[in-house]
$ cat target_15.cif   # mmCIF, C-alpha atoms
data_coords
loop_
_atom_site.label_atom_id
_atom_site.label_comp_id
_atom_site.auth_asym_id
_atom_site.auth_seq_id
_atom_site.Cartn_x
_atom_site.Cartn_y
_atom_site.Cartn_z
CA MET I 238 138.44 155.76 78.57
CA LYS I 239 136.01 152.99 77.72
CA ILE I 240 137.64 149.56 77.50
CA ALA I 241 135.91 146.33 76.44
CA LEU I 242 137.26 142.88 77.28
CA VAL I 243 135.87 140.16 75.04
CA GLY I 244 136.27 136.41 75.57
CA ASN I 245 134.60 133.06 74.95
CA SER I 246 133.82 132.30 78.63
CA ASP I 247 133.46 133.96 82.01
CA LEU I 248 136.66 132.17 83.12
CA CYS I 249 138.59 133.67 80.22
CA ILE I 250 137.81 137.18 81.52
CA GLY I 251 137.00 136.79 85.21
CA GLY I 252 139.59 134.12 85.95
CA TYR I 253 142.69 135.34 84.14
CA ARG I 254 142.04 139.09 83.66
CA PHE I 255 140.49 139.97 87.04
CA GLU I 256 143.57 141.89 88.23
CA LEU I 257 143.82 143.81 84.95
CA ILE I 258 140.19 144.87 85.25
CA GLU I 259 140.79 145.84 88.88
CA ARG I 260 143.62 148.15 87.82
CA LEU I 261 141.69 149.67 84.93
CA ILE I 262 138.76 150.54 87.20
CA ALA I 263 141.10 151.91 89.88
CA GLU I 264 142.55 154.26 87.27
CA GLY I 265 139.11 155.58 86.40
CA HIS I 266 138.38 153.71 83.17
CA SER I 267 134.95 152.31 82.30
CA VAL I 268 135.21 148.57 81.76
CA PHE I 269 132.79 146.48 79.69
CA VAL I 270 132.85 142.67 79.74
CA VAL I 271 131.53 140.90 76.65
CA SER I 272 131.29 137.12 77.03
CA PRO I 273 128.95 134.22 77.77
CA ASN I 274 127.39 134.37 81.23
CA GLY I 275 128.81 132.33 84.09
CA PRO I 276 129.47 132.27 87.84
CA LEU I 277 132.43 134.70 87.64
CA ILE I 278 130.43 137.47 85.97
CA ARG I 279 128.68 138.52 89.18
CA ASP I 280 132.02 139.41 90.80
CA LEU I 281 132.96 141.54 87.79
CA VAL I 282 129.65 143.40 87.86
CA GLU I 283 129.98 143.99 91.60
CA MET I 284 133.44 145.38 90.93
CA GLY I 285 131.93 147.95 88.58
CA CYS I 286 131.96 146.37 85.12
CA THR I 287 129.11 146.59 82.64
CA PHE I 288 128.25 143.14 81.28
CA TYR I 289 127.04 142.27 77.77
CA GLU I 290 126.09 138.62 77.37
CA VAL I 291 127.23 137.16 74.05
CA PRO I 292 127.14 133.34 73.87
CA VAL I 293 129.98 131.73 71.90
CA ASP I 294 130.03 128.23 70.43
CA ARG I 295 133.75 127.75 70.99
CA HIS I 296 134.20 124.64 68.84
CA GLY I 297 131.40 125.14 66.32
CA THR I 298 132.18 125.55 62.61
CA ASN I 299 128.71 126.50 61.35
CA PRO I 300 129.30 129.58 59.12
CA PHE I 301 125.74 130.89 59.62
CA LYS I 302 126.14 130.85 63.41
CA ASP I 303 129.49 132.58 63.07
CA MET I 304 127.98 135.28 60.84
CA LYS I 305 125.37 135.87 63.56
CA LEU I 306 128.18 136.13 66.12
CA ILE I 307 129.99 138.74 64.02
CA SER I 308 126.74 140.67 63.69
CA LYS I 309 126.21 140.50 67.46
CA TYR I 310 129.74 141.76 68.12
CA LYS I 311 129.19 144.64 65.68
CA LYS I 312 126.00 145.61 67.47
CA VAL I 313 127.61 145.47 70.92
CA MET I 314 130.74 147.33 69.83
CA ARG I 315 128.64 150.10 68.24
CA GLU I 316 126.57 150.37 71.42
CA ILE I 317 129.60 150.52 73.72
CA SER I 318 131.82 152.46 71.30
CA PRO I 319 134.94 151.59 73.33
CA ASP I 320 138.28 153.30 72.92
CA TYR I 321 140.00 149.92 73.23
CA ALA I 322 138.87 146.31 72.82
CA PHE I 323 141.06 143.66 74.46
CA THR I 324 140.12 140.30 72.94
CA TYR I 325 141.01 136.73 73.91
CA THR I 326 140.65 133.32 72.23
CA ILE I 327 140.09 132.60 68.55
CA LYS I 328 136.54 133.70 67.72
CA PRO I 329 136.55 136.94 69.76
CA ASN I 330 140.00 137.78 68.33
CA LEU I 331 138.83 137.30 64.76
CA TYR I 332 135.29 138.58 64.86
CA VAL I 333 135.74 141.60 67.14
CA ALA I 334 138.69 142.74 65.00
CA LEU I 335 136.43 142.47 61.95
CA ALA I 336 133.59 144.22 63.79
CA CYS I 337 135.86 147.13 64.78
CA LYS I 338 137.34 147.55 61.31
CA ARG I 339 135.39 150.72 60.49
CA MET I 340 135.22 152.05 64.04
CA LYS I 341 137.63 154.22 65.99
CA THR I 342 138.04 151.41 68.51
CA VAL I 343 141.61 150.15 68.87
CA CYS I 344 141.53 146.35 68.89
CA ILE I 345 144.31 144.46 70.74
CA PRO I 346 143.96 140.67 70.30
CA ASN I 347 145.68 138.18 72.58
CA VAL I 348 146.48 134.87 70.85
CA THR I 349 145.93 132.41 73.69
CA GLY I 350 146.82 129.43 71.49
CA LEU I 351 146.46 128.38 67.87
CA GLY I 352 143.77 125.77 68.45
CA THR I 353 143.51 122.53 66.48
CA ALA I 354 141.82 124.28 63.53
CA VAL I 355 144.98 126.30 62.87
CA GLU I 356 147.68 123.88 64.00
CA ASN I 357 146.44 120.94 61.91
CA LYS I 358 146.68 121.23 58.14
CA GLY I 359 143.45 121.13 56.17
CA TRP I 360 140.57 123.31 55.04
CA LYS I 361 139.96 124.65 58.55
CA GLN I 362 143.52 125.95 58.71
CA VAL I 363 143.15 127.63 55.30
CA VAL I 364 139.87 129.31 56.27
CA THR I 365 141.06 130.40 59.72
CA THR I 366 144.42 131.79 58.56
CA THR I 367 142.64 133.70 55.78
CA LEU I 368 140.31 135.21 58.38
CA TYR I 369 143.29 136.13 60.56
CA LYS I 370 144.92 137.94 57.66
CA MET I 371 141.74 139.93 57.05
CA ALA I 372 140.97 140.63 60.70
CA PHE I 373 144.47 141.52 61.92
CA LYS I 374 145.42 143.77 59.02
CA HIS I 375 144.78 147.00 60.91
CA VAL I 376 145.03 146.04 64.61
CA LYS I 377 147.38 148.14 66.75
CA THR I 378 149.19 145.33 68.58
CA ILE I 379 148.91 141.56 68.81
CA PHE I 380 149.92 139.86 72.04
CA PHE I 381 151.23 136.30 71.83
CA GLN I 382 151.69 133.89 74.73
CA ASN I 383 154.54 131.83 73.32
CA SER I 384 157.21 132.36 70.67
CA GLU I 385 156.14 129.37 68.55
CA ASN I 386 152.66 130.81 68.02
CA MET I 387 154.16 134.20 67.24
CA GLN I 388 156.53 132.70 64.67
CA PHE I 389 153.62 130.88 63.02
CA PHE I 390 151.94 134.24 62.37
CA VAL I 391 155.20 135.92 61.29
CA ASP I 392 156.04 133.18 58.79
CA ARG I 393 152.60 133.40 57.17
CA GLY I 394 152.33 137.19 57.18
CA LEU I 395 149.03 137.06 59.08
CA TYR I 396 149.20 140.69 60.28
CA SER I 397 150.75 143.96 59.22
CA GLU I 398 151.92 145.83 62.32
CA LYS I 399 153.37 145.14 65.78
CA HIS I 400 153.56 141.96 67.79
CA LYS I 401 154.62 141.46 71.40
CA LEU I 402 155.33 138.41 73.52
CA LEU I 403 153.70 138.04 76.95
CA PRO I 404 154.44 135.41 79.63
CA GLY I 405 151.04 133.81 79.03
CA SER I 406 148.33 135.24 81.27
CA GLY I 407 150.83 135.39 84.12
CA VAL I 408 149.94 134.19 87.61
CA ASN I 409 148.72 136.03 90.69
CA LEU I 410 151.56 135.35 93.13
CA ASN I 411 149.48 136.45 96.11
CA LYS I 412 146.47 134.28 95.35
CA PHE I 413 148.67 131.28 94.54
CA SER I 414 151.23 131.31 97.33
CA VAL I 415 153.60 128.60 98.53
CA SER I 416 151.93 126.25 100.97
CA GLU I 417 153.70 123.77 103.23
CA TYR I 418 154.91 120.79 101.23
CA PRO I 419 153.11 117.53 102.19
CA SER I 420 154.83 114.66 103.93
CA ASP I 421 155.95 111.64 101.91
CA ASP I 422 153.62 109.07 103.47
CA THR I 423 151.54 109.16 100.29
CA VAL I 424 152.74 110.80 97.05
CA ASN I 425 149.80 112.68 95.51
CA PHE I 426 149.65 113.51 91.79
CA VAL I 427 146.98 115.69 90.19
CA PHE I 428 145.65 116.19 86.65
CA VAL I 429 143.89 119.54 86.24
CA SER I 430 142.11 120.05 82.94
CA ARG I 431 139.09 119.17 80.85
CA LEU I 432 139.13 115.40 80.44
CA MET I 433 139.71 115.26 76.70
CA LYS I 434 142.16 113.42 74.47
CA GLU I 435 144.25 116.46 73.52
CA LYS I 436 144.87 117.30 77.18
CA GLY I 437 146.57 113.93 77.68
CA ILE I 438 143.94 112.26 79.84
CA GLU I 439 144.55 108.89 78.17
CA GLN I 440 148.25 108.96 79.06
CA TYR I 441 147.42 110.05 82.61
CA LEU I 442 144.92 107.20 83.08
CA ASP I 443 147.41 104.70 81.62
CA ALA I 444 150.03 105.89 84.11
CA THR I 445 147.50 105.81 86.93
CA GLU I 446 146.68 102.15 86.32
CA TYR I 447 150.32 101.10 86.18
CA ILE I 448 151.67 103.18 89.07
CA THR I 449 148.90 102.38 91.58
CA ALA I 450 149.44 98.66 90.96
CA LYS I 451 153.19 98.98 91.59
CA TYR I 452 153.45 101.72 94.23
CA PRO I 453 151.02 101.46 97.18
CA ASN I 454 152.10 104.93 98.41
CA ALA I 455 150.97 106.72 95.23
CA LYS I 456 147.59 108.38 94.82
CA PHE I 457 146.17 110.10 91.73
CA HIS I 458 143.68 112.97 91.61
CA ILE I 459 141.69 114.34 88.67
CA CYS I 460 140.07 117.79 88.52
CA GLY I 461 138.01 119.04 85.60
CA PHE I 462 134.96 118.50 83.43
CA CYS I 463 134.73 114.99 82.01
CA GLU I 464 133.95 114.56 78.32
CA GLU I 465 131.30 111.91 77.60
CA GLU I 466 133.74 109.50 75.96
CA TYR I 467 135.82 109.15 79.15
CA LYS I 468 133.02 108.73 81.69
CA SER I 469 132.95 104.92 81.63
CA ARG I 470 136.73 104.60 81.97
CA LEU I 471 136.75 107.21 84.72
CA ASP I 472 133.99 105.37 86.59
CA ALA I 473 135.94 102.13 86.35
CA ILE I 474 139.30 103.55 87.41
CA THR I 475 137.94 105.51 90.38
CA LYS I 476 136.74 102.25 91.95
CA ASN I 477 140.40 102.01 92.92
CA ASP I 478 140.65 103.96 96.20
CA LYS I 479 143.98 105.37 94.98
CA VAL I 480 142.25 107.40 92.25
CA ILE I 481 139.99 110.32 93.20
CA TYR I 482 137.86 112.40 90.83
CA HIS I 483 137.07 115.86 92.23
CA GLY I 484 135.00 117.16 89.31
CA MET I 485 135.12 120.90 88.63
CA VAL I 486 137.13 122.70 91.32
CA LYS I 487 136.84 126.43 92.03
CA ASP I 488 139.66 126.78 94.57
CA MET I 489 142.68 125.08 93.00
CA SER I 490 145.11 126.52 95.54
CA GLY I 491 143.29 124.48 98.20
CA VAL I 492 143.68 121.29 96.18
CA LEU I 493 147.32 121.97 95.29
CA ALA I 494 148.17 122.33 98.99
CA ASP I 495 147.73 118.56 99.38
CA MET I 496 149.54 117.60 96.16
CA HIS I 497 153.17 116.65 95.59
CA CYS I 498 153.16 117.10 91.81
CA THR I 499 150.97 118.31 88.93
CA VAL I 500 150.91 116.11 85.82
CA HIS I 501 149.91 117.87 82.60
CA PRO I 502 150.58 115.59 79.60
CA THR I 503 148.80 117.87 77.12
CA PHE I 504 149.35 118.00 73.39
CA TYR I 505 146.68 120.65 72.87
CA PRO I 506 147.84 123.82 71.03
CA GLU I 507 147.51 126.27 73.92
CA GLY I 508 149.20 129.61 74.55
CA MET I 509 150.75 129.18 78.01
CA SER I 510 149.49 126.65 80.53
CA ASN I 511 147.78 128.35 83.48
CA VAL I 512 147.60 124.97 85.23
CA LEU I 513 151.39 124.77 85.29
CA LEU I 514 151.89 128.40 86.31
CA GLU I 515 149.49 128.07 89.24
CA SER I 516 151.09 124.81 90.35
CA LEU I 517 154.59 126.28 90.36
CA ALA I 518 153.37 129.41 92.15
CA CYS I 519 152.16 127.10 94.95
CA GLY I 520 155.57 125.44 95.10
CA ARG I 521 154.54 122.22 93.39
CA PRO I 522 156.75 120.45 90.80
CA ILE I 523 155.32 119.69 87.36
CA ILE I 524 155.52 116.88 84.82
CA THR I 525 154.51 118.05 81.37
CA THR I 526 155.07 117.69 77.64
CA ASP I 527 157.74 119.11 75.38
CA ARG I 528 155.54 121.50 73.44
CA ALA I 529 154.91 125.24 73.15
CA GLY I 530 153.09 126.65 76.16
CA CYS I 531 154.63 124.03 78.47
CA ARG I 532 158.34 123.78 77.67
CA GLU I 533 158.81 127.46 78.53
CA ILE I 534 157.65 126.73 82.08
CA VAL I 535 159.38 123.46 82.95
CA GLU I 536 163.13 123.08 83.45
CA ASP I 537 163.79 119.37 83.19
CA GLY I 538 165.18 118.00 86.44
CA VAL I 539 165.02 121.42 88.13
CA ASN I 540 161.33 122.20 88.72
CA GLY I 541 159.89 119.06 87.15
CA TYR I 542 160.24 116.70 84.21
CA ILE I 543 159.52 116.87 80.47
CA VAL I 544 157.79 113.95 78.76
CA LYS I 545 157.23 113.06 75.11
CA GLN I 546 153.81 113.84 73.68
CA GLN I 547 151.24 111.01 73.67
CA ASP I 548 153.78 108.63 75.24
CA SER I 549 152.32 106.77 78.23
CA GLN I 550 155.51 104.82 78.85
CA ASP I 551 157.64 107.96 79.08
CA LEU I 552 155.11 109.51 81.44
CA ILE I 553 155.18 106.39 83.64
CA GLU I 554 158.98 106.53 83.77
CA LYS I 555 159.00 110.19 84.81
CA ILE I 556 156.37 109.60 87.49
CA GLU I 557 158.43 106.68 88.84
CA LYS I 558 161.51 108.91 88.82
CA PHE I 559 159.61 111.49 90.87
CA ILE I 560 158.33 108.89 93.36
CA ASN I 561 161.89 107.68 93.94
CA LEU I 562 163.12 111.17 94.90
CA SER I 563 163.40 112.05 98.57
CA ASN I 564 160.65 114.35 99.84
CA GLU I 565 163.26 117.08 100.37
CA GLU I 566 164.28 116.82 96.70
CA ARG I 567 160.63 117.10 95.63
CA LYS I 568 160.13 120.12 97.86
CA ASN I 569 163.21 121.84 96.41
CA MET I 570 161.88 121.23 92.89
CA GLY I 571 158.71 123.04 93.89
CA LEU I 572 160.62 125.97 95.37
CA ALA I 573 162.70 126.24 92.18
CA GLY I 574 159.42 126.45 90.27
CA ARG I 575 158.13 129.22 92.52
CA ALA I 576 161.34 131.18 91.95
CA LYS I 577 160.90 130.79 88.19
CA VAL I 578 157.35 132.17 88.10
CA GLU I 579 158.39 135.06 90.35
CA ARG I 580 161.12 135.95 87.84
CA GLU I 581 159.30 135.33 84.59
CA PHE I 582 155.53 134.90 84.98
CA ASN I 583 154.29 137.49 87.49
CA ARG I 584 150.85 138.67 86.32
CA GLU I 585 151.97 142.25 86.93
CA ILE I 586 154.16 141.90 83.81
CA VAL I 587 151.04 141.23 81.73
CA ILE I 588 149.04 144.03 83.36
CA ASN I 589 151.86 146.51 82.71
CA ALA I 590 152.00 145.50 79.05
CA TYR I 591 148.30 146.35 78.62
CA LEU I 592 148.58 149.61 80.55
CA ALA I 593 151.52 150.62 78.36
CA GLU I 594 149.37 150.07 75.26
CA ILE I 595 146.76 152.57 76.45
CA GLY I 596 149.35 155.00 77.77
CA ALA I 597 148.57 154.42 81.45
CA LYS I 598 151.08 154.42 84.28
CA THR I 599 152.60 151.01 84.96
CA ASN I 600 153.77 149.39 88.17
CA THR I 601 157.54 148.97 87.95
CA GLY I 602 157.85 147.00 91.18
CA VAL I 603 157.19 143.58 89.65
#
$ encode --input "target_15.cif" --output "structure tokens"
Amino acid sequence: MKIALVGNSDLCIGGYRFELIERLIAEGHSVFVVSPNGPLIRDLVEMGCTFYEVPVDRHGTNPFKDMKLISKYKKVMREISPDYAFTYTIKPNLYVALACKRMKTVCIPNVTGLGTAVENKGWKQVVTTTLYKMAFKHVKTIFFQNSENMQFFVDRGLYSEKHKLLPGSGVNLNKFSVSEYPSDDTVNFVFVSRLMKEKGIEQYLDATEYITAKYPNAKFHICGFCEEEYKSRLDAITKNDKVIYHGMVKDMSGVLADMHCTVHPTFYPEGMSNVLLESLACGRPIITTDRAGCREIVEDGVNGYIVKQQDSQDLIEKIEKFINLSNEERKNMGLAGRAKVEREFNREIVINAYLAEIGAKTNTGV
């Protein structure tokens, strides 16, 4: 069969669907990747994929640009004529489903998060939910990454057929394996995300300033692309030798090996946090917010702590609580997290769900 995977970035496909593509190719299917270009595309092509470059303005709301994107997807889908199209993120989900409406291609969208346009009330929500209703009317199956997102669609009648819940994108338990837990000479915390307001960077920086002034054995790390509005504050705070900015990091397992805890104070409407899944897979405790896509992963006091959204003081208190644990207690939190992802978030679960949709043999030894 011919199977197209469509996303809004090379990371979306090459980072989180690499193992799925590997299995599809191993079973003799022809795989087509449709996304913007990026450093991960070369690996996919070398694996045997055919690449179609389609740039996507992920946050743009220009209707003329979006009409051009729909037209481009129609052209590419007609040229490939795939049996199945697996789509990810908002614009590919919507526009590929619309593009495939009069084709024999079976479209299977994966709702990787609602996004601010849908979660926040206003004209954008009205327009986007109307498009969802049109686009998803005839799709075979919709995959959701958390139950809150799924219920949002159910309550509004935004599709007509089946829906299934996945454990996010899952995590590769071999790639992200448990590394030796660091000593307690210095307690290292890490923030891994785009440095933007909705990801909780302001709360993290507030906590960083307070904790480093009070606890000389605490060090804070930041990994990710920095939005323009935070560059000056980041420059100022990293003059403190207890705060280290690593920029974009390709090998997160290498960074996590030196960390005691991952801090993810996001209030962004995401599907399931890959940052948290990868951290737990490496045996690292997590501190994160009580919201969909995070609360499913953290068990308060067992593998980490839950904090209130946009609450710097609560985050500071939970970080202090973690610092005051013994290193053995911290290590056991991390091991409890690893056990949780092994039970609930193995990427093989996600791969099997896709293979079941196309009638392929699944791996039952997850």
$ resolve_selection --input "target_15.cif" --expression "the PyMOL selection byres ((chain I and resi 490) around 12)" --output "list in words"
Asn409, Leu410, Asn411, Lys412, Phe413, Ser414, Val415, Ser416, Glu417, Val429, Val486, Lys487, Asp488, Met489, Gly491, Val492, Leu493, Ala494, Asp495, Met496, Val512, Leu514, Glu515, Ser516, Leu517, Ala518, Cys519, Gly520 and Arg521 of chain I
$ closest_residue --input "target_15.cif" --among "I:Leu331, I:Ala455, I:Ile595, I:Cys460" --to "I:Tyr396" --atoms "only C-alpha atoms"
I:Leu331
$ resolve_selection --input "target_15.cif" --expression "the PyMOL selection byres ((chain I and resi 361-373) around 12)" --output "JSON, numbers by chain"
{"I": [296, 297, 298, 299, 300, 307, 324, 327, 328, 329, 330, 331, 332, 333, 334, 335, 336, 337, 338, 339, 343, 344, 345, 346, 347, 348, 351, 352, 353, 354, 355, 356, 357, 358, 359, 360, 374, 375, 376, 377, 378, 379, 380, 389, 390, 391, 392, 393, 394, 395, 396, 397, 398, 399, 400]}
$ resolve_selection --input "target_15.cif" --expression "the PyMOL selection byres ((chain I and resi 569-579) around 6)" --output "ChimeraX atom specification"
/I:517-518,520-522,539-540,566-568,580-583
$ atom_distance --input "target_15.cif" --atom1 "atom CA of I:Val500" --atom2 "atom CA of I:Gly538"
14.4 Å
$ atom_distance --input "target_15.cif" --atom1 "atom CA of I:Arg528" --atom2 "atom CA of I:Asn245"
24.0 Å
$ closest_residue --input "target_15.cif" --among "I:Glu565, I:Gly596, I:Asp527, I:Pro453" --to "I:Ser420" --atoms "only C-alpha atoms"
I:Glu565
$ closest_residue --input "target_15.cif" --among "I:Thr423, I:Ser549, I:Asn386, I:Thr287" --to "I:Thr445" --atoms "all atoms listed in the file"
I:Ser549
$ residues_around --input "target_15.cif" --residues "I:Val293" --least-positions-apart "5" --cutoff "10 Å" --atoms "only C-alpha atoms" --output "PDB file with C-alpha atoms, keeping the file's coordinate frame"
ATOM      1  CA  GLY I 244     136.270 136.410  75.570  1.00  0.00           C
ATOM      2  CA  ASN I 245     134.600 133.060  74.950  1.00  0.00           C
ATOM      3  CA  SER I 246     133.820 132.300  78.630  1.00  0.00           C
ATOM      4  CA  SER I 272     131.290 137.120  77.030  1.00  0.00           C
ATOM      5  CA  PRO I 273     128.950 134.220  77.770  1.00  0.00           C
ATOM      6  CA  LYS I 302     126.140 130.850  63.410  1.00  0.00           C
ATOM      7  CA  ASP I 303     129.490 132.580  63.070  1.00  0.00           C
ATOM      8  CA  LEU I 306     128.180 136.130  66.120  1.00  0.00           C
ATOM      9  CA  LYS I 328     136.540 133.700  67.720  1.00  0.00           C
ATOM     10  CA  PRO I 329     136.550 136.940  69.760  1.00  0.00           C
TER      11      PRO I 329
END
$ atom_distance --input "target_15.cif" --atom1 "atom CA of I:Asn454" --atom2 "atom CA of I:Thr475"
16.3 Å
$ closest_residue --input "target_15.cif" --among "I:Gln550, I:Ser384, I:Asn477, I:Ser318" --to "I:Arg532" --atoms "all atoms listed in the file"
I:Ser384
$ closest_residue --input "target_15.cif" --among "I:Gly437, I:Gly252, I:Gly405, I:Pro319" --to "I:Ile240" --atoms "all atoms listed in the file"
I:Pro319
$ closest_residue --input "target_15.cif" --among "I:Thr526, I:Gln546, I:Ser267, I:Thr342" --to "I:Lys311" --atoms "all atoms listed in the file"
I:Thr342
$ axis_aligned_box --input "target_15.cif" --around "stretch 294-307 of chain I" --padding-each-side "4 Å" --output "JSON"
{"center_x": 129.8, "center_y": 131.7, "center_z": 65.1, "size_x": 16.8, "size_y": 22.1, "size_z": 19.9}
$ residues_around --input "target_15.cif" --residues "I:Val424" --least-positions-apart "2" --cutoff "7 Å" --atoms "all atoms listed in the file" --output "ChimeraX atom specification"
/I:421-422,426,454-456,497,560
$ residues_around --input "target_15.cif" --residues "I:Ile250" --least-positions-apart "4" --cutoff "9 Å" --atoms "all atoms listed in the file" --output "VMD selection string"
chain I and resid 242 to 246 254 to 255 258 270 to 272 277 to 278 325
